[in-house]
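Source file: my_file06.tsv; contents: TSV, C-alpha atoms and all ligand atoms.
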```
chain	number	residue	atom	x	y	z
P	846	MET	CA	0.00	0.00	0.00
P	847	SER	CA	1.44	3.41	-0.97
P	848	PRO	CA	1.83	6.06	1.76
P	849	ILE	CA	-0.78	8.22	-0.01
P	850	THR	CA	-3.37	5.41	0.02
P	851	ARG	CA	-2.60	4.80	3.69
P	852	ILE	CA	-3.15	8.50	4.50
P	853	SER	CA	-6.40	8.74	2.54
P	854	ARG	CA	-7.65	5.57	4.24
P	855	LYS	CA	-6.86	7.16	7.61
P	856	ILE	CA	-8.76	10.33	6.65
P	857	LEU	CA	-11.71	8.20	5.54
P	858	LEU	CA	-11.72	6.36	8.89
P	859	ILE	CA	-11.60	9.61	10.87
P	860	PHE	CA	-14.45	10.99	8.75
P	861	ALA	CA	-16.49	7.83	9.29
P	862	ALA	CA	-15.91	8.01	13.06
P	863	PHE	CA	-16.96	11.69	13.05
P	864	VAL	CA	-20.19	10.96	11.15
P	865	PHE	CA	-20.98	8.02	13.46
P	866	GLY	CA	-20.30	10.28	16.48
P	867	LEU	CA	-22.74	12.88	15.17
P	868	PHE	CA	-25.44	10.24	14.79
P	869	ALA	CA	-24.78	8.76	18.22
P	870	VAL	CA	-25.03	12.20	19.87
P	871	SER	CA	-28.16	13.16	17.97
P	872	PHE	CA	-29.89	9.89	18.89
P	873	VAL	CA	-29.23	10.08	22.65
P	874	PRO	CA	-31.95	12.58	23.65
P	875	ILE	CA	-34.70	10.99	21.52
P	876	PHE	CA	-36.57	9.47	24.47
P	877	ALA	CA	-36.09	12.39	26.86
P	878	VAL	CA	-39.08	14.52	27.73
P	879	GLU	CA	-39.18	17.68	25.61
P	880	GLY	CA	-37.08	20.41	27.23
P	881	ALA	CA	-35.94	18.24	30.19
P	882	PRO	CA	-32.22	17.43	30.49
P	883	HIS	CA	-31.21	13.90	29.54
P	884	TRP	CA	-30.38	11.58	32.47
P	885	SER	CA	-29.57	7.88	32.57
P	886	TYR	CA	-28.29	5.00	34.70
P	887	GLY	CA	-24.92	4.72	32.91
P	888	GLY	CA	-22.51	6.82	30.88
P	889	ALA	CA	-21.94	10.56	31.26
P	890	ALA	CA	-25.42	11.25	32.72
P	891	ASN	CA	-25.23	8.44	35.37
P	892	PRO	CA	-26.73	8.83	38.91
P	893	THR	CA	-23.54	10.35	40.41
P	894	ARG	CA	-23.88	13.24	37.93
P	895	TRP	CA	-27.65	13.87	38.14
P	896	GLY	CA	-27.22	16.85	40.48
P	897	ASP	CA	-24.95	18.59	37.94
P	898	LEU	CA	-27.14	18.05	34.87
P	899	SER	CA	-29.63	20.81	35.70
P	900	THR	CA	-30.38	23.25	38.52
P	901	ASP	CA	-33.80	21.50	38.62
P	902	PHE	CA	-31.95	18.32	39.70
P	903	ALA	CA	-29.95	19.99	42.51
P	904	MET	CA	-31.64	17.88	45.22
P	905	CYS	CA	-30.12	14.70	43.70
P	906	GLU	CA	-26.77	16.02	45.00
P	907	ALA	CA	-27.68	18.35	47.88
P	908	GLY	CA	-30.62	16.46	49.41
P	909	LYS	CA	-30.18	14.91	52.85
P	910	GLU	CA	-33.27	12.65	52.75
P	911	GLN	CA	-32.74	10.80	49.48
P	912	SER	CA	-33.97	7.39	48.30
P	913	PRO	CA	-33.41	4.49	47.97
P	914	VAL	CA	-31.83	3.31	51.23
P	915	ASN	CA	-30.79	0.05	52.82
P	916	ILE	CA	-33.64	-0.81	55.19
P	917	THR	CA	-32.05	-1.94	58.43
P	918	GLY	CA	-32.27	-1.27	62.16
P	919	ALA	CA	-36.00	-0.53	61.88
P	920	VAL	CA	-37.84	0.63	64.99
P	921	LYS	CA	-40.39	-2.13	65.55
P	922	GLY	CA	-43.96	-2.22	66.74
P	923	SER	CA	-45.84	0.81	65.40
P	924	PRO	CA	-49.45	-0.21	64.73
P	925	ALA	CA	-50.06	2.40	61.95
P	926	LYS	CA	-51.85	0.38	59.27
P	927	ILE	CA	-51.69	0.51	55.48
P	928	VAL	CA	-55.01	-0.31	53.81
P	929	PHE	CA	-55.39	-0.69	50.05
P	930	HIS	CA	-58.64	0.22	48.24
P	931	TYR	CA	-57.62	-0.65	44.68
P	932	SER	CA	-60.31	-1.18	42.04
P	933	PRO	CA	-60.13	-2.36	38.40
P	934	ALA	CA	-58.88	0.16	35.82
P	935	PRO	CA	-58.18	0.11	32.06
P	936	LEU	CA	-54.72	-1.22	31.09
P	937	VAL	CA	-52.57	1.72	29.96
P	938	VAL	CA	-48.86	0.97	29.46
P	939	PHE	CA	-46.36	3.82	29.11
P	940	ASN	CA	-42.74	3.18	28.07
P	941	ASN	CA	-41.07	6.40	29.28
P	942	GLY	CA	-37.54	5.55	28.13
P	943	HIS	CA	-36.39	4.81	31.71
P	944	THR	CA	-38.92	2.17	32.81
P	945	ILE	CA	-42.26	0.54	32.01
P	946	GLN	CA	-45.15	2.28	33.75
P	947	ALA	CA	-48.86	1.51	34.03
P	948	ASN	CA	-50.94	4.68	34.34
P	949	TYR	CA	-53.92	4.17	36.63
P	950	ALA	CA	-57.43	5.61	36.37
P	951	LYS	CA	-58.81	7.75	39.20
P	952	GLY	CA	-60.60	6.13	42.11
P	953	SER	CA	-58.07	3.73	43.67
P	954	THR	CA	-56.56	4.76	46.99
P	955	VAL	CA	-54.35	3.67	49.84
P	956	THR	CA	-54.82	4.79	53.44
P	957	ILE	CA	-51.60	5.04	55.43
P	958	ASP	CA	-51.83	5.80	59.14
P	959	GLY	CA	-55.27	7.33	58.50
P	960	ASN	CA	-54.20	9.51	55.53
P	961	GLU	CA	-55.67	8.80	52.10
P	962	TYR	CA	-53.63	8.93	48.86
P	963	GLU	CA	-54.79	8.23	45.29
P	964	LEU	CA	-52.93	5.75	43.05
P	965	LEU	CA	-51.51	7.53	39.97
P	966	GLN	CA	-49.24	4.92	38.36
P	967	PHE	CA	-46.94	2.01	39.07
P	968	HIS	CA	-43.59	1.14	37.48
P	969	PHE	CA	-40.60	-1.18	37.82
P	970	HIS	CA	-36.87	-1.13	38.61
P	971	THR	CA	-34.17	-3.76	38.18
P	972	PRO	CA	-32.40	-4.72	40.36
P	973	SER	CA	-34.41	-3.52	43.39
P	974	GLU	CA	-33.55	0.03	44.48
P	975	HIS	CA	-34.10	-0.56	48.22
P	976	THR	CA	-32.35	-3.39	49.98
P	977	ILE	CA	-33.63	-5.08	53.15
P	978	ASP	CA	-30.80	-5.85	55.60
P	979	GLY	CA	-28.39	-5.55	52.68
P	980	LYS	CA	-30.32	-7.95	50.42
P	981	ALA	CA	-31.39	-6.77	46.96
P	982	SER	CA	-34.24	-8.39	45.01
P	983	ALA	CA	-34.33	-9.05	41.26
P	984	MET	CA	-36.77	-6.18	40.74
P	985	GLU	CA	-38.82	-3.62	42.68
P	986	LEU	CA	-42.33	-2.32	42.02
P	987	HIS	CA	-43.26	1.27	42.92
P	988	LEU	CA	-46.92	2.21	43.33
P	989	VAL	CA	-47.01	6.02	43.27
P	990	HIS	CA	-49.83	7.84	45.13
P	991	ARG	CA	-50.66	11.50	45.81
P	992	ASN	CA	-53.01	13.09	48.33
P	993	ALA	CA	-55.24	16.16	47.95
P	994	ALA	CA	-52.44	18.40	49.29
P	995	GLY	CA	-50.03	17.11	46.61
P	996	LYS	CA	-47.90	14.99	48.97
P	997	LEU	CA	-46.54	11.77	47.43
P	998	ALA	CA	-46.61	8.33	49.07
P	999	VAL	CA	-44.88	5.46	47.29
P	1000	VAL	CA	-45.47	1.81	48.13
P	1001	GLY	CA	-42.44	-0.32	47.26
P	1002	ILE	CA	-42.74	-4.07	46.76
P	1003	MET	CA	-39.78	-6.40	46.28
P	1004	LEU	CA	-39.99	-8.82	43.33
P	1005	ASP	CA	-38.08	-12.06	43.84
P	1006	GLU	CA	-37.57	-14.73	41.19
P	1007	GLY	CA	-40.18	-17.51	41.48
P	1008	THR	CA	-43.69	-18.11	40.18
P	1009	GLU	CA	-44.89	-15.96	37.27
P	1010	ASN	CA	-47.12	-12.97	38.02
P	1011	PRO	CA	-49.97	-13.06	35.44
P	1012	LEU	CA	-50.66	-9.30	35.62
P	1013	ILE	CA	-46.99	-8.42	35.01
P	1014	HIS	CA	-46.98	-10.95	32.16
P	1015	GLU	CA	-49.91	-9.13	30.57
P	1016	ILE	CA	-48.27	-5.71	31.00
P	1017	TRP	CA	-45.10	-7.01	29.32
P	1018	GLN	CA	-47.24	-8.25	26.38
P	1019	ASN	CA	-48.41	-4.69	25.75
P	1020	ILE	CA	-45.22	-2.61	25.99
P	1021	PRO	CA	-45.12	0.12	23.31
P	1022	ALA	CA	-42.01	1.72	21.78
P	1023	ALA	CA	-40.04	4.13	24.00
P	1024	GLY	CA	-41.87	7.43	24.43
P	1025	LYS	CA	-45.22	5.86	23.54
P	1026	THR	CA	-48.39	4.96	25.49
P	1027	ASN	CA	-50.47	1.86	24.73
P	1028	LYS	CA	-54.11	2.12	25.80
P	1029	VAL	CA	-55.22	-1.50	25.59
P	1030	SER	CA	-58.88	-1.52	24.64
P	1031	ASP	CA	-61.31	-3.76	26.54
P	1032	ARG	CA	-58.75	-4.81	29.15
P	1033	THR	CA	-58.98	-3.91	32.81
P	1034	ILE	CA	-56.39	-4.75	35.44
P	1035	ASN	CA	-56.39	-4.54	39.22
P	1036	ALA	CA	-53.25	-3.34	41.00
P	1037	ALA	CA	-54.45	-5.38	44.01
P	1038	ASP	CA	-53.11	-8.41	42.09
P	1039	LEU	CA	-49.59	-7.11	42.78
P	1040	LEU	CA	-49.88	-7.08	46.60
P	1041	PRO	CA	-48.42	-9.77	48.88
P	1042	LYS	CA	-50.56	-11.36	51.61
P	1043	SER	CA	-48.86	-9.63	54.52
P	1044	LYS	CA	-49.25	-5.85	54.74
P	1045	ALA	CA	-46.42	-5.37	57.24
P	1046	TYR	CA	-44.27	-2.50	55.96
P	1047	PHE	CA	-41.27	-0.29	56.61
P	1048	SER	CA	-41.79	3.48	56.45
P	1049	TYR	CA	-39.35	6.38	56.21
P	1050	ASN	CA	-39.16	9.89	54.73
P	1051	GLY	CA	-37.33	9.99	51.40
P	1052	SER	CA	-37.34	11.25	47.83
P	1053	LEU	CA	-38.11	10.38	44.24
P	1054	THR	CA	-35.41	7.95	43.06
P	1055	THR	CA	-35.25	9.65	39.64
P	1056	PRO	CA	-34.50	13.31	38.79
P	1057	PRO	CA	-35.51	15.80	40.10
P	1058	CYS	CA	-35.08	13.66	43.31
P	1059	SER	CA	-37.71	15.80	45.12
P	1060	GLU	CA	-37.96	15.14	48.87
P	1061	SER	CA	-40.97	14.91	51.25
P	1062	VAL	CA	-41.93	11.57	49.69
P	1063	LYS	CA	-43.49	9.16	52.20
P	1064	TRP	CA	-41.94	5.73	51.54
P	1065	ASN	CA	-43.66	2.48	52.49
P	1066	VAL	CA	-41.80	-0.71	51.55
P	1067	LEU	CA	-43.73	-3.93	52.15
P	1068	ALA	CA	-41.75	-6.51	54.12
P	1069	GLU	CA	-43.09	-9.50	52.14
P	1070	PRO	CA	-41.99	-9.83	48.49
P	1071	ILE	CA	-44.07	-11.08	45.56
P	1072	THR	CA	-42.60	-13.26	42.81
P	1073	VAL	CA	-41.99	-12.90	39.08
P	1074	SER	CA	-40.65	-15.61	36.78
P	1075	GLU	CA	-37.13	-15.72	35.37
P	1076	GLU	CA	-38.70	-15.10	31.93
P	1077	GLU	CA	-40.47	-11.96	33.20
P	1078	ILE	CA	-37.22	-10.62	34.68
P	1079	ASP	CA	-35.35	-11.40	31.43
P	1080	ALA	CA	-38.02	-9.73	29.30
P	1081	PHE	CA	-37.77	-6.50	31.33
P	1082	GLN	CA	-33.96	-6.55	31.37
P	1083	LYS	CA	-33.92	-6.90	27.58
P	1084	LEU	CA	-35.45	-3.40	27.49
P	1085	TYR	CA	-33.86	-1.92	30.61
P	1086	GLN	CA	-30.83	-3.85	31.81
P	1087	VAL	CA	-30.37	-1.64	34.91
P	1088	ASP	CA	-32.73	1.12	36.05
P	1089	ALA	CA	-31.94	1.41	39.74
P	1090	ARG	CA	-30.44	4.39	41.57
P	1091	PRO	CA	-27.63	3.38	43.98
P	1092	LEU	CA	-28.31	3.39	47.75
P	1093	GLN	CA	-28.29	6.81	49.45
P	1094	PRO	CA	-27.10	7.62	53.01
P	1095	THR	CA	-29.83	7.57	55.67
P	1096	ASN	CA	-28.27	10.54	57.56
P	1097	GLY	CA	-29.85	9.37	60.81
P	1098	ARG	CA	-33.38	8.95	59.44
P	1099	VAL	CA	-35.61	6.60	61.42
P	1100	ILE	CA	-37.07	3.58	59.60
P	1101	THR	CA	-40.16	2.13	61.27
P	1102	LEU	CA	-41.56	-1.39	60.89
P	1103	HIS	CA	-45.35	-1.51	61.06
P	1104	ARG	CA	-46.65	-4.95	61.84
P	1105	GLU	CA	-50.11	-6.08	60.78
A	1201	ZN	ZN	-39.53	4.08	41.05
```
Just give me the structure as structure tokens.
Amino acid sequence: MSPITRISRKILLIFAAFVFGLFAVSFVPIFAVEGAPHWSYGGAANPTRWGDLSTDFAMCEAGKEQSPVNITGAVKGSPAKIVFHYSPAPLVVFNNGHTIQANYAKGSTVTIDGNEYELLQFHFHTPSEHTIDGKASAMELHLVHRNAAGKLAVVGIMLDEGTENPLIHEIWQNIPAAGKTNKVSDRTINAADLLPKSKAYFSYNGSLTTPPCSESVKWNVLAEPITVSEEEIDAFQKLYQVDARPLQPTNGRVITLHRE
């Protein structure tokens, strides 16, 4: 090969790399919400950088009551009950580019220690975001609720590998492309089918586990897990291999175990 051919081949390679780079950069923000900064679980916008990506995300870095946490050393014995009043709702599956979410129709509520919150949506993380005594589960389900004053209460449920969950199977069957919502006609689901038998739970004050990491979120993690099959875990991880924020310091926060 002549030196000139070698040089022109090198120039061609650099040009090709440049063009590829342009495409890669222009494709990254495709699934981000319009106007919101891009964030992710890996790469340059990974969880350790969230606080620097936007002033709107400052709490991700500066917050002192962040989630998730390792649930350990819980204060035992509080009788404050959690009571679910979930009713059937149409199946609406939203693929938001970070997770798979089911949007829930109005009218389903949870009462926690006498306070009522309405179910807005539920979604999934893998592996689990919280750990219980240092143990992570294969996945974690978050049922997101809001009360009339706008305060959020999230119910977290650990998903261990085991028997298939038929409702999760059905949700997986109806996942749309990233950024899209699939309103499945003539199908109703009931989020009550995702609850374990025991309603014992751990509570603590935390935050959203995704940007903007807003605090004053009332966390309630059920002590008993439910199961999903290996196939269901694999199917989710094919879309989202990891969508879990790392553990955050408790900074002396009290975690309480509420027995049934
Ligand atoms: Zn979540």
Between P:Asn960, P:Ser899, P:Thr1054, P:Asn1027, single out the one closest to Ala993 in chain P, counting all atoms listed in the file.
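Smallest distance to Ala993 in chain P is found for P:Asn960.
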Excluding Gln1082 in chain P and its own-chain neighbours fewer than 6 positions away, which residues fall within 10 Å of it when counting all atoms listed in the file? Please give them as a list in words.
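Residues meeting the cut-off are His970, Thr971, Pro972, Met984, Glu1076 and Asp1088 of chain P.
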Would you work out the distance separating CA of Trp1064 in chain P from CA of Glu974 in chain P, expressed in Å to one decimal?
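Separating CA of Trp1064 in chain P from CA of Glu974 in chain P is a distance of 12.4 Å.
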Could the residues of range 963-1039 of chain P that have an atom at most 12 Å from range 923-945 of chain P be listed as a tab-separated table, each with its closest atom pair and the distance in Å to one decimal, counting all atoms listed in the file and ordered by chain and ascending residue number?
```
residue	atom	partner	partner_atom	distance
P:Glu963	CA	P:Tyr931	CA	9.3
P:Leu964	CA	P:Tyr931	CA	8.1
P:Leu965	CA	P:Ala934	CA	11.2
P:Gln966	CA	P:Val937	CA	9.6
P:Phe967	CA	P:Ile945	CA	8.6
P:His968	CA	P:Ile945	CA	5.7
P:Phe969	CA	P:Thr944	CA	6.3
P:His970	CA	P:Thr944	CA	7.0
P:Thr971	CA	P:Thr944	CA	9.3
P:Met984	CA	P:Thr944	CA	11.7
P:Glu985	CA	P:Thr944	CA	11.4
P:Leu986	CA	P:Ile945	CA	10.4
P:His987	CA	P:Ile945	CA	11.0
P:Leu988	CA	P:Tyr931	CA	11.2
P:His990	CA	P:Phe929	CA	11.3
P:Ala998	CA	P:Ile927	CA	11.3
P:Val999	CA	P:Ile927	CA	11.7
P:Val1000	CA	P:Ile927	CA	9.7
P:Leu1012	CA	P:Leu936	CA	10.1
P:Ile1013	CA	P:Ile945	CA	10.6
P:Glu1015	CA	P:Leu936	CA	9.3
P:Ile1016	CA	P:Val938	CA	6.9
P:Trp1017	CA	P:Ile945	CA	8.5
P:Gln1018	CA	P:Val938	CA	9.9
P:Asn1019	CA	P:Val938	CA	6.8
P:Ile1020	CA	P:Val938	CA	6.2
P:Pro1021	CA	P:Asn940	CA	6.1
P:Ala1022	CA	P:Asn940	CA	6.5
P:Ala1023	CA	P:Asn940	CA	5.0
P:Gly1024	CA	P:Asn941	CA	5.0
P:Lys1025	CA	P:Asn940	CA	5.8
P:Thr1026	CA	P:Phe939	CA	4.3
P:Asn1027	CA	P:Val938	CA	5.1
P:Lys1028	CA	P:Val937	CA	4.5
P:Val1029	CA	P:Leu936	CA	5.5
P:Ser1030	CA	P:Pro935	CA	7.6
P:Asp1031	CA	P:Pro935	CA	7.4
P:Arg1032	CA	P:Leu936	CA	5.7
P:Thr1033	CA	P:Pro935	CA	4.2
P:Ile1034	CA	P:Pro933	CA	5.3
P:Asn1035	CA	P:Pro933	CA	4.4
P:Ala1036	CA	P:Tyr931	CA	6.3
P:Ala1037	CA	P:Tyr931	CA	5.7
P:Asp1038	CA	P:Tyr931	CA	9.3
P:Leu1039	CA	P:Tyr931	CA	10.5
```
Give me, please, the distance in Å between CA of Ala1089 in chain P and CA of Ala1045 in chain P, quoted to one decimal.
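The value is 23.7 Å.
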